[in-house]
>>> print(open('structure-v9.cif').read())   # mmCIF, C-alpha atoms; chains and numbers go by the auth columns
data_run
loop_
_atom_site.group_PDB
_atom_site.id
_atom_site.type_symbol
_atom_site.label_atom_id
_atom_site.label_comp_id
_atom_site.label_asym_id
_atom_site.label_seq_id
_atom_site.Cartn_x
_atom_site.Cartn_y
_atom_site.Cartn_z
_atom_site.B_iso_or_equiv
_atom_site.auth_seq_id
_atom_site.auth_asym_id
ATOM 1 C CA MET A 1 0.000 0.000 0.000 0.00 1 A
ATOM 2 C CA ILE A 2 2.824 2.392 0.813 0.00 2 A
ATOM 3 C CA TYR A 3 4.236 1.863 -2.678 0.00 3 A
ATOM 4 C CA ILE A 4 0.867 2.629 -4.261 0.00 4 A
ATOM 5 C CA VAL A 5 0.649 5.866 -2.287 0.00 5 A
ATOM 6 C CA LYS A 6 4.207 6.727 -3.347 0.00 6 A
ATOM 7 C CA ARG A 7 3.274 6.126 -7.020 0.00 7 A
ATOM 8 C CA CYS A 8 0.206 8.332 -6.667 0.00 8 A
ATOM 9 C CA GLN A 9 2.353 11.055 -5.102 0.00 9 A
ATOM 10 C CA ARG A 10 4.468 11.212 -8.273 0.00 10 A
ATOM 11 C CA ARG A 11 1.352 12.123 -10.283 0.00 11 A
ATOM 12 C CA ALA A 12 -0.292 14.375 -7.699 0.00 12 A
ATOM 13 C CA GLU A 13 0.208 18.038 -7.001 0.00 13 A
ATOM 14 C CA GLY A 14 -0.927 20.693 -4.556 0.00 14 A
ATOM 15 C CA SER A 15 -3.115 19.759 -1.612 0.00 15 A
ATOM 16 C CA LEU A 16 -3.588 16.185 -2.886 0.00 16 A
ATOM 17 C CA LEU A 17 0.191 15.692 -2.727 0.00 17 A
ATOM 18 C CA GLU A 18 0.195 16.948 0.880 0.00 18 A
ATOM 19 C CA GLU A 19 -2.671 14.612 1.840 0.00 19 A
ATOM 20 C CA LEU A 20 -0.939 11.639 0.220 0.00 20 A
ATOM 21 C CA GLU A 21 2.230 12.440 2.165 0.00 21 A
ATOM 22 C CA LYS A 22 0.243 12.540 5.421 0.00 22 A
ATOM 23 C CA LEU A 23 -1.341 9.207 4.480 0.00 23 A
ATOM 24 C CA ARG A 24 2.065 7.680 3.713 0.00 24 A
ATOM 25 C CA GLU A 25 3.527 8.925 7.009 0.00 25 A
ATOM 26 C CA GLU A 26 0.577 7.533 8.963 0.00 26 A
ATOM 27 C CA MET A 27 0.889 4.181 7.196 0.00 27 A
ATOM 28 C CA LEU A 28 4.601 4.033 8.073 0.00 28 A
ATOM 29 C CA ARG A 29 3.815 4.898 11.699 0.00 29 A
ATOM 30 C CA LEU A 30 1.171 2.173 11.882 0.00 30 A
ATOM 31 C CA LEU A 31 3.514 -0.354 10.291 0.00 31 A
ATOM 32 C CA LYS A 32 6.206 0.470 12.843 0.00 32 A
ATOM 33 C CA GLU A 33 3.672 0.122 15.679 0.00 33 A
ATOM 34 C CA LEU A 34 2.414 -3.200 14.285 0.00 34 A
ATOM 35 C CA ARG A 35 5.980 -4.544 14.140 0.00 35 A
ATOM 36 C CA ARG A 36 6.534 -3.448 17.749 0.00 36 A
ATOM 37 C CA ILE A 37 3.331 -5.172 18.877 0.00 37 A
ATOM 38 C CA CYS A 38 4.198 -8.367 17.005 0.00 38 A
ATOM 39 C CA GLN A 39 7.639 -8.435 18.596 0.00 39 A
ATOM 40 C CA GLU A 40 6.118 -7.971 22.044 0.00 40 A
ATOM 41 C CA LEU A 41 3.597 -10.744 21.422 0.00 41 A
ATOM 42 C CA ARG A 42 6.320 -13.274 20.732 0.00 42 A
ATOM 43 C CA PRO A 43 9.809 -11.846 20.868 0.00 43 A
ATOM 44 C CA PRO A 44 12.149 -13.603 18.401 0.00 44 A
ATOM 45 C CA THR A 45 14.805 -13.821 21.128 0.00 45 A
ATOM 46 C CA LEU A 46 12.500 -16.105 23.116 0.00 46 A
ATOM 47 C CA ASP A 47 12.304 -18.666 20.319 0.00 47 A
ATOM 48 C CA VAL A 48 15.992 -18.562 19.461 0.00 48 A
ATOM 49 C CA PHE A 49 17.786 -18.116 22.800 0.00 49 A
ATOM 50 C CA GLY A 50 15.242 -18.732 25.553 0.00 50 A
ATOM 51 C CA LEU A 51 13.508 -16.890 28.372 0.00 51 A
ATOM 52 C CA ALA A 52 16.559 -15.360 30.094 0.00 52 A
ATOM 53 C CA SER A 53 17.770 -13.800 26.834 0.00 53 A
ATOM 54 C CA ALA A 54 14.288 -12.525 25.990 0.00 54 A
ATOM 55 C CA ILE A 55 14.026 -10.856 29.409 0.00 55 A
ATOM 56 C CA ARG A 56 17.490 -9.290 29.013 0.00 56 A
ATOM 57 C CA SER A 57 16.684 -8.036 25.527 0.00 57 A
ATOM 58 C CA HIS A 58 13.275 -6.647 26.515 0.00 58 A
ATOM 59 C CA THR A 59 14.698 -4.869 29.572 0.00 59 A
ATOM 60 C CA GLU A 60 17.405 -3.212 27.449 0.00 60 A
ATOM 61 C CA GLU A 61 14.868 -2.042 24.857 0.00 61 A
ATOM 62 C CA LEU A 62 12.349 -0.883 27.466 0.00 62 A
ATOM 63 C CA LYS A 63 14.571 1.760 29.092 0.00 63 A
ATOM 64 C CA PRO A 64 12.364 1.979 32.211 0.00 64 A
ATOM 65 C CA SER A 65 12.352 4.893 34.650 0.00 65 A
ATOM 66 C CA PHE A 66 13.845 2.632 37.339 0.00 66 A
ATOM 67 C CA VAL A 67 17.007 0.543 37.666 0.00 67 A
ATOM 68 C CA VAL A 68 16.512 -3.135 36.780 0.00 68 A
ATOM 69 C CA ASP A 69 18.829 -5.710 38.348 0.00 69 A
ATOM 70 C CA LEU A 70 18.749 -9.002 36.461 0.00 70 A
ATOM 71 C CA ASP A 71 19.696 -12.303 38.103 0.00 71 A
ATOM 72 C CA LEU A 72 18.845 -14.797 35.367 0.00 72 A
ATOM 73 C CA MET A 73 19.939 -18.386 34.895 0.00 73 A
ATOM 74 C CA ASP A 74 20.611 -19.225 31.275 0.00 74 A
ATOM 75 C CA ASP A 75 17.834 -21.610 30.307 0.00 75 A
ATOM 76 C CA LYS A 76 19.414 -22.399 26.909 0.00 76 A
ATOM 77 C CA LYS A 77 15.897 -22.722 25.503 0.00 77 A
ATOM 78 C CA GLN A 78 15.204 -25.765 27.709 0.00 78 A
ATOM 79 C CA LEU A 79 11.739 -24.634 28.749 0.00 79 A
ATOM 80 C CA PRO A 80 8.655 -25.827 26.919 0.00 80 A
ATOM 81 C CA ASP A 81 7.485 -23.034 24.591 0.00 81 A
ATOM 82 C CA GLU A 82 4.188 -22.618 26.433 0.00 82 A
ATOM 83 C CA VAL A 83 5.981 -22.147 29.783 0.00 83 A
ATOM 84 C CA ALA A 84 8.513 -19.700 28.326 0.00 84 A
ATOM 85 C CA ILE A 85 5.954 -17.428 26.640 0.00 85 A
ATOM 86 C CA ASN A 86 3.633 -17.383 29.672 0.00 86 A
ATOM 87 C CA LEU A 87 6.463 -16.550 32.069 0.00 87 A
ATOM 88 C CA PHE A 88 7.681 -13.865 29.676 0.00 88 A
ATOM 89 C CA ARG A 89 4.190 -12.334 29.755 0.00 89 A
ATOM 90 C CA VAL A 90 4.173 -12.444 33.579 0.00 90 A
ATOM 91 C CA TYR A 91 7.524 -10.624 33.625 0.00 91 A
ATOM 92 C CA GLN A 92 6.280 -8.098 31.045 0.00 92 A
ATOM 93 C CA GLU A 93 3.066 -7.333 32.930 0.00 93 A
ATOM 94 C CA ALA A 94 4.934 -7.084 36.244 0.00 94 A
ATOM 95 C CA LEU A 95 7.294 -4.450 34.788 0.00 95 A
ATOM 96 C CA THR A 96 4.346 -2.604 33.274 0.00 96 A
ATOM 97 C CA ASN A 97 2.669 -2.530 36.697 0.00 97 A
ATOM 98 C CA VAL A 98 5.850 -1.230 38.323 0.00 98 A
ATOM 99 C CA GLU A 99 6.068 1.545 35.713 0.00 99 A
ATOM 100 C CA LYS A 100 2.395 2.522 36.079 0.00 100 A
ATOM 101 C CA HIS A 101 1.753 2.110 39.784 0.00 101 A
ATOM 102 C CA ALA A 102 4.746 1.445 42.035 0.00 102 A
ATOM 103 C CA GLY A 103 6.846 4.599 41.874 0.00 103 A
ATOM 104 C CA ALA A 104 9.857 2.313 42.343 0.00 104 A
ATOM 105 C CA SER A 105 13.478 3.273 41.840 0.00 105 A
ATOM 106 C CA ARG A 106 14.757 -0.307 41.673 0.00 106 A
ATOM 107 C CA VAL A 107 13.430 -3.661 40.434 0.00 107 A
ATOM 108 C CA GLU A 108 15.049 -7.065 40.752 0.00 108 A
ATOM 109 C CA VAL A 109 14.125 -9.729 38.210 0.00 109 A
ATOM 110 C CA ARG A 110 15.256 -13.215 39.192 0.00 110 A
ATOM 111 C CA PHE A 111 14.866 -16.364 37.122 0.00 111 A
ATOM 112 C CA THR A 112 15.954 -19.804 38.340 0.00 112 A
ATOM 113 C CA LEU A 113 15.657 -23.153 36.654 0.00 113 A
ATOM 114 C CA SER A 114 16.100 -26.560 38.225 0.00 114 A
ATOM 115 C CA PRO A 115 15.211 -29.998 36.885 0.00 115 A
ATOM 116 C CA GLY A 116 11.872 -29.887 38.705 0.00 116 A
ATOM 117 C CA GLU A 117 10.729 -26.292 38.436 0.00 117 A
ATOM 118 C CA VAL A 118 11.213 -22.798 37.129 0.00 118 A
ATOM 119 C CA VAL A 119 10.744 -19.716 39.301 0.00 119 A
ATOM 120 C CA LEU A 120 10.403 -16.135 38.083 0.00 120 A
ATOM 121 C CA SER A 121 10.389 -13.286 40.585 0.00 121 A
ATOM 122 C CA VAL A 122 9.948 -9.558 39.999 0.00 122 A
ATOM 123 C CA ARG A 123 10.491 -7.487 43.162 0.00 123 A
ATOM 124 C CA ASP A 124 10.315 -3.691 43.418 0.00 124 A
ATOM 125 C CA ASN A 125 11.004 -1.133 46.129 0.00 125 A
ATOM 126 C CA GLY A 126 7.889 0.879 45.283 0.00 126 A
ATOM 127 C CA CYS A 127 4.865 2.025 47.238 0.00 127 A
ATOM 128 C CA GLY A 128 3.294 -1.420 47.629 0.00 128 A
ATOM 129 C CA PHE A 129 -0.403 -2.088 48.198 0.00 129 A
ATOM 130 C CA VAL A 130 -2.820 -4.243 50.163 0.00 130 A
ATOM 131 C CA VAL A 131 -3.162 -7.607 48.426 0.00 131 A
ATOM 132 C CA PRO A 132 -6.749 -8.882 48.496 0.00 132 A
ATOM 133 C CA GLN A 133 -7.453 -12.528 49.357 0.00 133 A
ATOM 134 C CA ARG A 134 -8.346 -13.141 45.712 0.00 134 A
ATOM 135 C CA LEU A 135 -6.698 -11.272 42.849 0.00 135 A
ATOM 136 C CA GLY A 136 -10.053 -11.362 41.048 0.00 136 A
ATOM 137 C CA GLU A 137 -11.164 -8.534 43.318 0.00 137 A
ATOM 138 C CA PHE A 138 -9.020 -6.189 41.211 0.00 138 A
ATOM 139 C CA VAL A 139 -11.071 -7.064 38.121 0.00 139 A
ATOM 140 C CA ARG A 140 -14.114 -5.315 39.606 0.00 140 A
ATOM 141 C CA GLN A 141 -11.994 -2.159 39.714 0.00 141 A
ATOM 142 C CA GLY A 142 -11.061 -2.557 36.049 0.00 142 A
ATOM 143 C CA CYS A 143 -7.529 -3.782 36.840 0.00 143 A
ATOM 144 C CA PHE A 144 -6.741 -7.010 34.997 0.00 144 A
ATOM 145 C CA GLY A 145 -2.939 -7.291 35.137 0.00 145 A
ATOM 146 C CA LEU A 146 -2.479 -9.355 38.297 0.00 146 A
ATOM 147 C CA MET A 147 -5.379 -11.631 37.442 0.00 147 A
ATOM 148 C CA GLY A 148 -3.933 -12.146 33.965 0.00 148 A
ATOM 149 C CA MET A 149 -0.555 -13.058 35.462 0.00 149 A
ATOM 150 C CA GLU A 150 -2.205 -15.563 37.792 0.00 150 A
ATOM 151 C CA GLU A 151 -4.124 -17.120 34.894 0.00 151 A
ATOM 152 C CA ARG A 152 -0.934 -17.386 32.806 0.00 152 A
ATOM 153 C CA ALA A 153 0.860 -19.216 35.617 0.00 153 A
ATOM 154 C CA GLN A 154 -2.104 -21.560 36.057 0.00 154 A
ATOM 155 C CA MET A 155 -2.273 -22.265 32.303 0.00 155 A
ATOM 156 C CA VAL A 156 1.111 -23.969 32.545 0.00 156 A
ATOM 157 C CA GLY A 157 0.387 -25.773 35.814 0.00 157 A
ATOM 158 C CA GLY A 158 2.019 -23.139 37.984 0.00 158 A
ATOM 159 C CA LYS A 159 1.120 -20.776 40.769 0.00 159 A
ATOM 160 C CA LEU A 160 1.519 -17.030 41.221 0.00 160 A
ATOM 161 C CA TRP A 161 2.144 -15.260 44.524 0.00 161 A
ATOM 162 C CA VAL A 162 1.802 -11.544 45.125 0.00 162 A
ATOM 163 C CA VAL A 163 3.515 -10.270 48.267 0.00 163 A
ATOM 164 C CA SER A 164 3.095 -6.601 49.057 0.00 164 A
ATOM 165 C CA GLN A 165 2.420 -4.104 51.811 0.00 165 A
ATOM 166 C CA PRO A 166 1.899 -0.372 51.589 0.00 166 A
ATOM 167 C CA GLY A 167 5.305 1.312 51.739 0.00 167 A
ATOM 168 C CA LYS A 168 7.184 -2.006 51.466 0.00 168 A
ATOM 169 C CA GLY A 169 7.274 -2.711 47.726 0.00 169 A
ATOM 170 C CA THR A 170 5.885 -5.697 45.859 0.00 170 A
ATOM 171 C CA GLU A 171 7.093 -9.106 44.750 0.00 171 A
ATOM 172 C CA ILE A 172 5.421 -11.118 42.001 0.00 172 A
ATOM 173 C CA ARG A 173 6.622 -14.729 42.028 0.00 173 A
ATOM 174 C CA ALA A 174 5.585 -17.412 39.560 0.00 174 A
ATOM 175 C CA ARG A 175 6.554 -21.044 40.098 0.00 175 A
ATOM 176 C CA VAL A 176 5.968 -23.661 37.418 0.00 176 A
ATOM 177 C CA PRO A 177 6.753 -27.342 38.040 0.00 177 A
ATOM 178 C CA LEU A 178 8.525 -29.053 35.153 0.00 178 A
ATOM 179 C CA MET A 179 8.368 -32.700 36.188 0.00 179 A
ATOM 180 C CA GLY A 180 6.665 -34.737 33.499 0.00 180 A
ATOM 181 C CA ARG A 181 6.609 -31.716 31.154 0.00 181 A
ATOM 182 C CA GLN A 182 10.006 -32.194 29.500 0.00 182 A
ATOM 183 C CA GLU A 183 8.492 -34.223 26.639 0.00 183 A
ATOM 184 C CA ASP A 184 6.114 -31.349 25.870 0.00 184 A
ATOM 185 C CA GLY A 185 8.839 -28.881 24.878 0.00 185 A
#
>>> encode(input="structure-v9.cif", output="C-alpha cells")
Amino acid sequence: MIYIVKRCQRRAEGSLLEELEKLREEMLRLLKELRRICQELRPPTLDVFGLASAIRSHTEELKPSFVVDLDLMDDKKQLPDEVAINLFRVYQEALTNVEKHAGASRVEVRFTLSPGEVVLSVRDNGCGFVVPQRLGEFVRQGCFGLMGMEERAQMVGGKLWVVSQPGKGTEIRARVPLMGRQEDG
C-alpha cells in the first residue's frame, strides 16, 4: 500500500500531494507500531535463545524509569514453549505494573531453573499495596494485570504469589513445576 501511495504522489500536485504524504507517514507509523506489537507478542529472542535472553533483551529495549537488576539463569531454551511465553508475559506485565503504579526506583528480576521447576520473581522497592485474598477482586476495579498473570501461571500448571504491603514494595513470584513436562517442549 505504501508503494501505491508513493506512485500516486508522483502524479499528484498541490493539496492532494500533501494529503498523500500525510497518508504515507501515517501508514509508516502504523507499520512500525504493528511490528513493535508483534515483537512484544512473541519476541524472536524467546524462540531462538530462551527466556533469560528474551528478558534481558526486553529490559534493554524498554529503558524503564527505574534501575533493573537481572539475576537470570541461562535456560538455553530448555523450557517448553508454552511455559517460556507465559512466564515472559508475567515478567512483562509485572514491569508494566511497576512503571504505572509502584513509583519504584529499583526492580530485581530473578529467574531460576532446576530440573523440577522454574521460578520467576519480579520485586520492586515501590509504594506497595494491600493484596486482596483473591486477585479477582481487582477485576471489579477494572484492573486485569495481576489476574492475567495468575491465569498465565495456572495455564502452565504453575502458581503465582503476590507479596506486598503499603510502603514495602511488591514481589510477584511465579513457580511452574517441570516434572513430566520435558516431553512437551
>>> atom_distance(input="structure-v9.cif", atom1="CA of Thr170 in chain A", atom2="CA of Glu82 in chain A")
25.8 Å
>>> resolve_selection(input="structure-v9.cif", expression="the PyMOL selection byres ((chain A and resi 157) around 12)", output="MDAnalysis selection string")
chainID A and resid 82:83 86:87 117:118 150:156 158:160 174:181
>>> closest_residue(input="structure-v9.cif", among="A:Glu26, A:Glu21, A:Asp74, A:Asp124", to="Asn97 in chain A", atoms="only C-alpha atoms")
A:Asp124
>>> closest_residue(input="structure-v9.cif", among="A:Val162, A:Met149, A:Ala52, A:Val67", to="Asn125 in chain A", atoms="all atoms listed in the file")
A:Val67
>>> closest_residue(input="structure-v9.cif", among="A:Thr45, A:Ser121, A:Gln9, A:Gln133", to="Asp69 in chain A", atoms="only C-alpha atoms")
A:Ser121
>>> resolve_selection(input="structure-v9.cif", expression="the PyMOL selection byres ((chain A and resi 71) around 12)", output="ChimeraX atom specification")
/A:52-53,55-56,68-70,72-74,107-113,119-123
